[in-house]
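Remarks on the structure that follows.
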Amino acid sequence: MADLEASLLQALNAQECIADSGEFAKSAGVDHMVLVGTIRSLQASEMIVAEDIDHFRYALTEESQGYLTAGSPEAQVFNAVTPGEGITLAELKAKVPGEAGDVGFKQAMQQRWLALDKAAGEPRVVRKVDSIEDRTQALLADVAAGREIPKAEADNLAKKRKLIKPEQWKTYKLTKGAKFALERKKPATDLTFDMLAKGTWRTQEFKDYNFNAFGVLPSGGHLHPLLKVRTQFRKIFTQMGFEEMPTNQYVELSFWNFDALFQPQQHPARDAHDTFFLNKPAATASDRGVPADYLQRVQSVHEVGGYGSAGYGYSWKLAESEKNLLRTHTTAVSSRMLYRLANQPGGFKPAKYFSIDRVFRNEQVDRTHLAEFHQVEGLICDRGLTLGDLIGVLNQFFSRLGLKKLRFKPAYNPYTEPSMEIFSYSEQLNKWMEVGNSGMFRPEMLRPMGLPEDVNVIAWGLSLERPTMILYGIDNIRDLFGHKVSLSMVRKNPICRLGL
């Protein structure tokens, strides 16, 4: 580094100006980034002045480098087609396999070099022209040689076909600074014993102290809006006399997640495109955690019905109920707790439970849906409960959260009847937003557990993210939770919300 700095200062002294630091780095045989470190250091010492020079060019991607010799995908496909009689699509794929064949065939068809002849039964790919000019290969050769190509074609190759990529870098024009010298003398930062003993402190240059500079500010922690709203939910539930359920089991049996809830085994929600099933271990034996008599009652109510229901009339499969999955809702925890409540020593006692934790669904991610999110669930188990009790509890619950305008819409759930969707009006977003689902658990779910005939369960569930979005005026769920969340949002969101 010292030799590089000395040669740079000598060259600048001899030439008065170095027009391009990139060219100097080449002549000195060093990497330009190494030279940049020296330039920054000399610039900080006011020995040189550096002016930015911006550079831009296109470079070939790894895929396109092979096309320089083999030709573009469309040219490869065209050359693979036999003149006259043509070839079948299968033969074409065999000659030009993989992505090059697929892309090349599409491009060749768009440029009307080829056509599909369906006259003879099996479609055949035939030539429409006798010869072609491989314009794509020529453009790639120009890029490889460092020649400029037309903007429209460069945009097409870079943005649509991903065959070239932009490269940007900086070099610098260097001139002498106010404190230019052929050798740098580094100012001392401390007065040492040797300086005092030898007297060198009299001629030593010292670095100025900035007594007005502030120290490094401590980096304080910040609460995410979800954590604040979750805490508020917990306070509301506990103030209303609810007990929190244990929700630390993300991997769940299909039995507790679906079958115990009277959800048929052929229901679309149980397909792989809606649920994350485990590959290893793929299943857990039902005798590990599911009582045999309860299992038989659930099987019976699915197949032939009972408790006023005709059932679903299908052959219930034990293997389907033993599959392991990432729970799709915390109602799987509720089903375990209700079974425990029905079979506790001393008989049934009324209870109020709640849970707040993560659930997982194989959903398309968009501005209102995520594959991993938080579900809030509350339930009340008591004698003689009605739909009116549910609506009253919901109004009390959401009003404590600051969501005072509610609407209810009839809905369908396999394990609740009647069922209602819950909507709340957002003053910030000026629109109604769905915030949850609710209903009364069906007898086909409750009676096999052993709960008495006059006991009903009212329940509701909602995501933690939707109310948080309403309260904090966030319109896209990906701005609230996930890997794309801006940390500035976490730092700058309101420290608290008044009136909750």
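Each chain in the structure tokens gets a letter, A, B, ..., in the order shown, and its residues are numbered from 1; ligands are numbered from 1 in order too.
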| request: Please provide as a PyMOL selection string all residues within 10 Å of Asp475 in chain A, with the sequence filter that same-chain residues fewer than 4 positions apart are discarded (counting only C-alpha atoms). | output: chain A and resi 367-368+428-429+466+469-470+479-480
Might you pull out every residue within 7 Å of His329 in chain A, with only C-alpha atoms counted and same-chain residues fewer than 3 positions away left off, and present them as a CSV table (one decimal) with N, CA and C atoms, in the first residue's frame?
```csv
chain,number,residue,atom,x,y,z
A,332,ALA,N,-57.1,-26.3,16.2
A,332,ALA,CA,-56.6,-27.6,16.6
A,332,ALA,C,-56.3,-27.6,18.1
A,359,VAL,N,-49.9,-19.7,12.6
A,359,VAL,CA,-50.5,-20.8,11.8
A,359,VAL,C,-49.9,-20.7,10.4
A,375,GLN,N,-52.9,-16.2,14.3
A,375,GLN,CA,-54.3,-16.3,14.5
A,375,GLN,C,-54.6,-16.0,16.0
```
| How far is it from CA of Asn362 in chain A to CA of Pro225 in chain A, in Å with one decimal? | 24.6 Å
| task | Do a neighbour search on Leu462 in chain A at 6 Å with only C-alpha atoms, toss out local chain neighbours closer than 2 positions, and write the hits as a PyMOL selection string. | result | chain A and resi 375-376+435-436
Those residues with all heavy atoms, as a PDB file, in the first residue's frame please?
```pdb
ATOM      1  N   GLN A 375     -52.860 -16.173  14.300  1.00  0.00           N
ATOM      2  CA  GLN A 375     -54.300 -16.287  14.503  1.00  0.00           C
ATOM      3  C   GLN A 375     -54.631 -16.040  15.966  1.00  0.00           C
ATOM      4  O   GLN A 375     -53.950 -16.525  16.866  1.00  0.00           O
ATOM      5  CB  GLN A 375     -54.811 -17.672  14.099  1.00  0.00           C
ATOM      6  CG  GLN A 375     -56.327 -17.809  14.252  1.00  0.00           C
ATOM      7  CD  GLN A 375     -56.854 -19.120  13.717  1.00  0.00           C
ATOM      8  OE1 GLN A 375     -56.233 -19.744  12.870  1.00  0.00           O
ATOM      9  NE2 GLN A 375     -58.002 -19.543  14.211  1.00  0.00           N
ATOM     10  N   VAL A 376     -55.668 -15.237  16.165  1.00  0.00           N
ATOM     11  CA  VAL A 376     -56.208 -14.985  17.496  1.00  0.00           C
ATOM     12  C   VAL A 376     -57.517 -15.756  17.599  1.00  0.00           C
ATOM     13  O   VAL A 376     -58.355 -15.691  16.690  1.00  0.00           O
ATOM     14  CB  VAL A 376     -56.467 -13.475  17.712  1.00  0.00           C
ATOM     15  CG1 VAL A 376     -57.023 -13.225  19.108  1.00  0.00           C
ATOM     16  CG2 VAL A 376     -55.193 -12.684  17.480  1.00  0.00           C
ATOM     17  N   VAL A 435     -62.216  -8.983   9.356  1.00  0.00           N
ATOM     18  CA  VAL A 435     -61.259  -9.146  10.456  1.00  0.00           C
ATOM     19  C   VAL A 435     -61.329 -10.519  11.105  1.00  0.00           C
ATOM     20  O   VAL A 435     -60.476 -10.859  11.919  1.00  0.00           O
ATOM     21  CB  VAL A 435     -61.457  -8.056  11.531  1.00  0.00           C
ATOM     22  CG1 VAL A 435     -61.062  -6.699  11.004  1.00  0.00           C
ATOM     23  CG2 VAL A 435     -62.883  -8.050  12.058  1.00  0.00           C
ATOM     24  N   GLY A 436     -62.344 -11.330  10.775  1.00  0.00           N
ATOM     25  CA  GLY A 436     -62.374 -12.645  11.403  1.00  0.00           C
ATOM     26  C   GLY A 436     -63.606 -13.446  11.052  1.00  0.00           C
ATOM     27  O   GLY A 436     -64.465 -13.031  10.267  1.00  0.00           O
TER      28      GLY A 436
END
```
| query | Got a sec: who's within 12 Å of Met420 in chain A, counting only C-alpha atoms, leaving out chain neighbours fewer than 3 positions off, as JSON, numbers by chain? | reply | {"A": [387, 390, 391, 394, 406, 407, 408, 409, 410, 411, 412, 413, 416, 417, 423, 434, 435, 436, 437, 438, 439, 440, 441, 458, 459, 460, 461, 462]}
Would you put the residues from that selection into a file with N, CA, C and O atoms, as a short mmCIF file (atom, residue, chain, number, x, y, z; two decimals), in the first residue's frame?
```cif
data_model
loop_
_atom_site.label_atom_id
_atom_site.label_comp_id
_atom_site.auth_asym_id
_atom_site.auth_seq_id
_atom_site.Cartn_x
_atom_site.Cartn_y
_atom_site.Cartn_z
N LEU A 387 -76.60 -17.54 19.71
CA LEU A 387 -75.94 -16.65 18.76
C LEU A 387 -75.92 -15.21 19.28
O LEU A 387 -74.98 -14.46 19.03
N LEU A 390 -72.93 -14.68 21.34
CA LEU A 390 -71.74 -14.53 20.51
C LEU A 390 -71.60 -13.10 19.98
O LEU A 390 -70.53 -12.49 20.07
N ILE A 391 -72.70 -12.56 19.45
CA ILE A 391 -72.66 -11.19 18.90
C ILE A 391 -72.33 -10.18 20.00
O ILE A 391 -71.55 -9.25 19.81
N LEU A 394 -68.62 -10.42 20.86
CA LEU A 394 -67.80 -9.86 19.79
C LEU A 394 -67.80 -8.33 19.83
O LEU A 394 -66.76 -7.69 19.65
N LEU A 406 -68.92 -2.70 13.61
CA LEU A 406 -68.86 -4.10 13.18
C LEU A 406 -70.06 -4.44 12.31
O LEU A 406 -71.15 -3.88 12.47
N ARG A 407 -69.83 -5.33 11.37
CA ARG A 407 -70.90 -5.94 10.58
C ARG A 407 -70.70 -7.44 10.57
O ARG A 407 -69.57 -7.93 10.64
N PHE A 408 -71.80 -8.18 10.45
CA PHE A 408 -71.73 -9.64 10.43
C PHE A 408 -72.41 -10.16 9.16
O PHE A 408 -73.45 -9.65 8.76
N LYS A 409 -71.80 -11.16 8.55
CA LYS A 409 -72.30 -11.73 7.31
C LYS A 409 -72.38 -13.25 7.45
O LYS A 409 -71.41 -13.88 7.90
N PRO A 410 -73.51 -13.87 7.12
CA PRO A 410 -73.61 -15.34 7.22
C PRO A 410 -72.51 -16.02 6.40
O PRO A 410 -72.14 -15.55 5.32
N ALA A 411 -71.99 -17.11 6.93
CA ALA A 411 -70.90 -17.81 6.26
C ALA A 411 -71.05 -19.30 6.51
O ALA A 411 -71.98 -19.74 7.21
N TYR A 412 -70.14 -20.08 5.94
CA TYR A 412 -70.14 -21.54 6.15
C TYR A 412 -68.79 -21.98 6.67
O TYR A 412 -67.74 -21.59 6.14
N ASN A 413 -68.82 -22.77 7.74
CA ASN A 413 -67.63 -23.48 8.22
C ASN A 413 -68.05 -24.90 8.53
O ASN A 413 -69.17 -25.13 9.04
N THR A 416 -68.79 -25.12 12.47
CA THR A 416 -69.67 -24.19 13.17
C THR A 416 -70.97 -24.02 12.41
O THR A 416 -71.00 -24.02 11.18
N GLU A 417 -72.06 -23.91 13.16
CA GLU A 417 -73.38 -23.64 12.58
C GLU A 417 -74.26 -23.06 13.68
O GLU A 417 -74.51 -23.73 14.70
N PHE A 423 -66.75 -8.09 9.94
CA PHE A 423 -66.15 -6.97 9.21
C PHE A 423 -66.07 -5.76 10.13
O PHE A 423 -66.96 -5.52 10.95
N GLU A 434 -62.53 -7.34 6.29
CA GLU A 434 -62.83 -8.56 7.04
C GLU A 434 -61.77 -8.76 8.12
O GLU A 434 -60.57 -8.71 7.85
N VAL A 435 -62.22 -8.98 9.36
CA VAL A 435 -61.26 -9.15 10.46
C VAL A 435 -61.33 -10.52 11.10
O VAL A 435 -60.48 -10.86 11.92
N GLY A 436 -62.34 -11.33 10.78
CA GLY A 436 -62.37 -12.65 11.40
C GLY A 436 -63.61 -13.45 11.05
O GLY A 436 -64.46 -13.03 10.27
N ASN A 437 -63.66 -14.66 11.64
CA ASN A 437 -64.78 -15.58 11.48
C ASN A 437 -65.30 -15.97 12.85
O ASN A 437 -64.54 -15.94 13.84
N SER A 438 -66.54 -16.37 12.91
CA SER A 438 -67.12 -16.75 14.20
C SER A 438 -68.24 -17.75 13.97
O SER A 438 -68.67 -17.98 12.85
N GLY A 439 -68.70 -18.35 15.07
CA GLY A 439 -69.81 -19.28 14.98
C GLY A 439 -69.97 -20.08 16.25
O GLY A 439 -69.28 -19.86 17.26
N MET A 440 -70.91 -21.02 16.19
CA MET A 440 -71.17 -21.95 17.30
C MET A 440 -70.75 -23.34 16.86
O MET A 440 -71.15 -23.82 15.79
N PHE A 441 -69.88 -23.98 17.68
CA PHE A 441 -69.40 -25.32 17.32
C PHE A 441 -70.57 -26.29 17.19
O PHE A 441 -71.49 -26.30 18.02
N ILE A 458 -69.40 -21.05 21.85
CA ILE A 458 -69.31 -19.96 20.88
C ILE A 458 -67.83 -19.62 20.70
O ILE A 458 -67.07 -19.63 21.67
N ALA A 459 -67.43 -19.33 19.47
CA ALA A 459 -66.00 -19.12 19.20
C ALA A 459 -65.82 -18.13 18.08
O ALA A 459 -66.71 -17.94 17.24
N TRP A 460 -64.68 -17.50 18.07
CA TRP A 460 -64.33 -16.61 16.98
C TRP A 460 -62.82 -16.64 16.77
O TRP A 460 -62.05 -16.91 17.68
N GLY A 461 -62.42 -16.41 15.55
CA GLY A 461 -61.00 -16.38 15.21
C GLY A 461 -60.73 -15.27 14.22
O GLY A 461 -61.58 -14.93 13.38
N LEU A 462 -59.55 -14.70 14.32
CA LEU A 462 -59.15 -13.63 13.41
C LEU A 462 -57.64 -13.62 13.33
O LEU A 462 -56.95 -14.16 14.21
#
```
Using only C-alpha atoms, determine which residues lie at most 8 Å from range 30-45 of chain A, disregarding the query and same-chain residues fewer than 4 positions distant; provide the list as a PDB file with all heavy atoms, in the first residue's frame.
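Final output, selection-v9.pdb:
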```pdb
ATOM      1  N   MET A   1       0.828  -1.217   0.000  1.00  0.00           N
ATOM      2  CA  MET A   1       0.000   0.000   0.000  1.00  0.00           C
ATOM      3  C   MET A   1       0.857   1.261   0.000  1.00  0.00           C
ATOM      4  O   MET A   1       0.564   2.230  -0.683  1.00  0.00           O
ATOM      5  CB  MET A   1      -0.928   0.004   1.229  1.00  0.00           C
ATOM      6  CG  MET A   1      -2.095  -0.965   1.144  1.00  0.00           C
ATOM      7  SD  MET A   1      -3.289  -0.481  -0.103  1.00  0.00           S
ATOM      8  CE  MET A   1      -4.030   0.917   0.704  1.00  0.00           C
ATOM      9  N   LEU A   4       2.216   1.809  -3.476  1.00  0.00           N
ATOM     10  CA  LEU A   4       1.155   2.277  -4.370  1.00  0.00           C
ATOM     11  C   LEU A   4       0.867   3.753  -4.114  1.00  0.00           C
ATOM     12  O   LEU A   4       0.696   4.541  -5.052  1.00  0.00           O
ATOM     13  CB  LEU A   4      -0.114   1.440  -4.164  1.00  0.00           C
ATOM     14  CG  LEU A   4      -1.339   1.818  -5.000  1.00  0.00           C
ATOM     15  CD1 LEU A   4      -1.032   1.721  -6.489  1.00  0.00           C
ATOM     16  CD2 LEU A   4      -2.535   0.944  -4.636  1.00  0.00           C
ATOM     17  N   GLU A   5       0.819   4.143  -2.849  1.00  0.00           N
ATOM     18  CA  GLU A   5       0.558   5.544  -2.511  1.00  0.00           C
ATOM     19  C   GLU A   5       1.680   6.442  -3.029  1.00  0.00           C
ATOM     20  O   GLU A   5       1.425   7.511  -3.596  1.00  0.00           O
ATOM     21  CB  GLU A   5       0.412   5.682  -0.999  1.00  0.00           C
ATOM     22  CG  GLU A   5       0.128   7.094  -0.530  1.00  0.00           C
ATOM     23  CD  GLU A   5      -0.072   7.182   0.964  1.00  0.00           C
ATOM     24  OE1 GLU A   5      -0.941   6.437   1.483  1.00  0.00           O
ATOM     25  OE2 GLU A   5       0.640   7.974   1.616  1.00  0.00           O
ATOM     26  N   SER A  21      -8.515   7.045 -12.929  1.00  0.00           N
ATOM     27  CA  SER A  21      -7.839   6.154 -11.982  1.00  0.00           C
ATOM     28  C   SER A  21      -7.860   4.707 -12.457  1.00  0.00           C
ATOM     29  O   SER A  21      -6.999   3.908 -12.080  1.00  0.00           O
ATOM     30  CB  SER A  21      -8.489   6.255 -10.599  1.00  0.00           C
ATOM     31  OG  SER A  21      -9.870   5.885 -10.670  1.00  0.00           O
ATOM     32  N   GLY A  22      -8.864   4.360 -13.285  1.00  0.00           N
ATOM     33  CA  GLY A  22      -8.920   3.004 -13.817  1.00  0.00           C
ATOM     34  C   GLY A  22      -7.731   2.707 -14.709  1.00  0.00           C
ATOM     35  O   GLY A  22      -7.142   1.614 -14.644  1.00  0.00           O
ATOM     36  N   ALA A  25      -4.668   2.269 -12.565  1.00  0.00           N
ATOM     37  CA  ALA A  25      -4.633   0.971 -11.898  1.00  0.00           C
ATOM     38  C   ALA A  25      -4.130  -0.113 -12.852  1.00  0.00           C
ATOM     39  O   ALA A  25      -3.356  -0.991 -12.464  1.00  0.00           O
ATOM     40  CB  ALA A  25      -6.018   0.613 -11.366  1.00  0.00           C
ATOM     41  N   LYS A  26      -4.562  -0.039 -14.133  1.00  0.00           N
ATOM     42  CA  LYS A  26      -4.085  -1.016 -15.116  1.00  0.00           C
ATOM     43  C   LYS A  26      -2.582  -0.888 -15.320  1.00  0.00           C
ATOM     44  O   LYS A  26      -1.857  -1.898 -15.362  1.00  0.00           O
ATOM     45  CB  LYS A  26      -4.808  -0.813 -16.450  1.00  0.00           C
ATOM     46  CG  LYS A  26      -6.246  -1.273 -16.462  1.00  0.00           C
ATOM     47  CD  LYS A  26      -6.858  -1.058 -17.835  1.00  0.00           C
ATOM     48  CE  LYS A  26      -8.325  -1.471 -17.849  1.00  0.00           C
ATOM     49  NZ  LYS A  26      -8.947  -1.224 -19.189  1.00  0.00           N
ATOM     50  N   VAL A  49      -7.636  15.664  -4.755  1.00  0.00           N
ATOM     51  CA  VAL A  49      -9.066  15.893  -5.001  1.00  0.00           C
ATOM     52  C   VAL A  49      -9.522  14.872  -6.029  1.00  0.00           C
ATOM     53  O   VAL A  49      -8.883  14.702  -7.072  1.00  0.00           O
ATOM     54  CB  VAL A  49      -9.331  17.323  -5.518  1.00  0.00           C
ATOM     55  CG1 VAL A  49     -10.807  17.498  -5.863  1.00  0.00           C
ATOM     56  CG2 VAL A  49      -8.884  18.355  -4.491  1.00  0.00           C
ATOM     57  N   ALA A  50     -10.602  14.156  -5.733  1.00  0.00           N
ATOM     58  CA  ALA A  50     -11.106  13.104  -6.627  1.00  0.00           C
ATOM     59  C   ALA A  50     -12.484  13.479  -7.144  1.00  0.00           C
ATOM     60  O   ALA A  50     -13.380  13.807  -6.358  1.00  0.00           O
ATOM     61  CB  ALA A  50     -11.159  11.764  -5.896  1.00  0.00           C
ATOM     62  N   GLY A 177      -4.440  18.261  -4.081  1.00  0.00           N
ATOM     63  CA  GLY A 177      -5.238  18.897  -3.050  1.00  0.00           C
ATOM     64  C   GLY A 177      -4.488  20.006  -2.356  1.00  0.00           C
ATOM     65  O   GLY A 177      -3.319  20.303  -2.665  1.00  0.00           O
ATOM     66  N   LYS A 179      -3.230  20.132   0.571  1.00  0.00           N
ATOM     67  CA  LYS A 179      -2.079  19.700   1.370  1.00  0.00           C
ATOM     68  C   LYS A 179      -1.254  18.657   0.616  1.00  0.00           C
ATOM     69  O   LYS A 179      -0.686  17.747   1.226  1.00  0.00           O
ATOM     70  CB  LYS A 179      -2.558  19.121   2.704  1.00  0.00           C
ATOM     71  CG  LYS A 179      -3.276  20.136   3.583  1.00  0.00           C
ATOM     72  CD  LYS A 179      -3.690  19.512   4.914  1.00  0.00           C
ATOM     73  CE  LYS A 179      -4.406  20.521   5.788  1.00  0.00           C
ATOM     74  NZ  LYS A 179      -4.821  19.936   7.081  1.00  0.00           N
TER      75      LYS A 179
END
```
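Omitting Arg270 in chain A and its sequence neighbours fewer than 3 positions away, and counting only C-alpha atoms, the residues within 12 Å are Ser254, Phe255, Asn257, Phe258, Asp259, Gln263, Pro264, Gln265, Gln266, His267, His273, Asp274, Thr275, Phe276, Phe277, Glu320, Ser321, Lys323, Asn324, Leu325, Leu326, Arg327, Thr328, Arg361 and Asn362 of chain A.
Comparing the minimum interatomic distances between Ile87 in chain A and each of A:Ala282, A:Ala154, A:Met445, A:Leu114, counting only C-alpha atoms, we find that A:Leu114 sits nearest.
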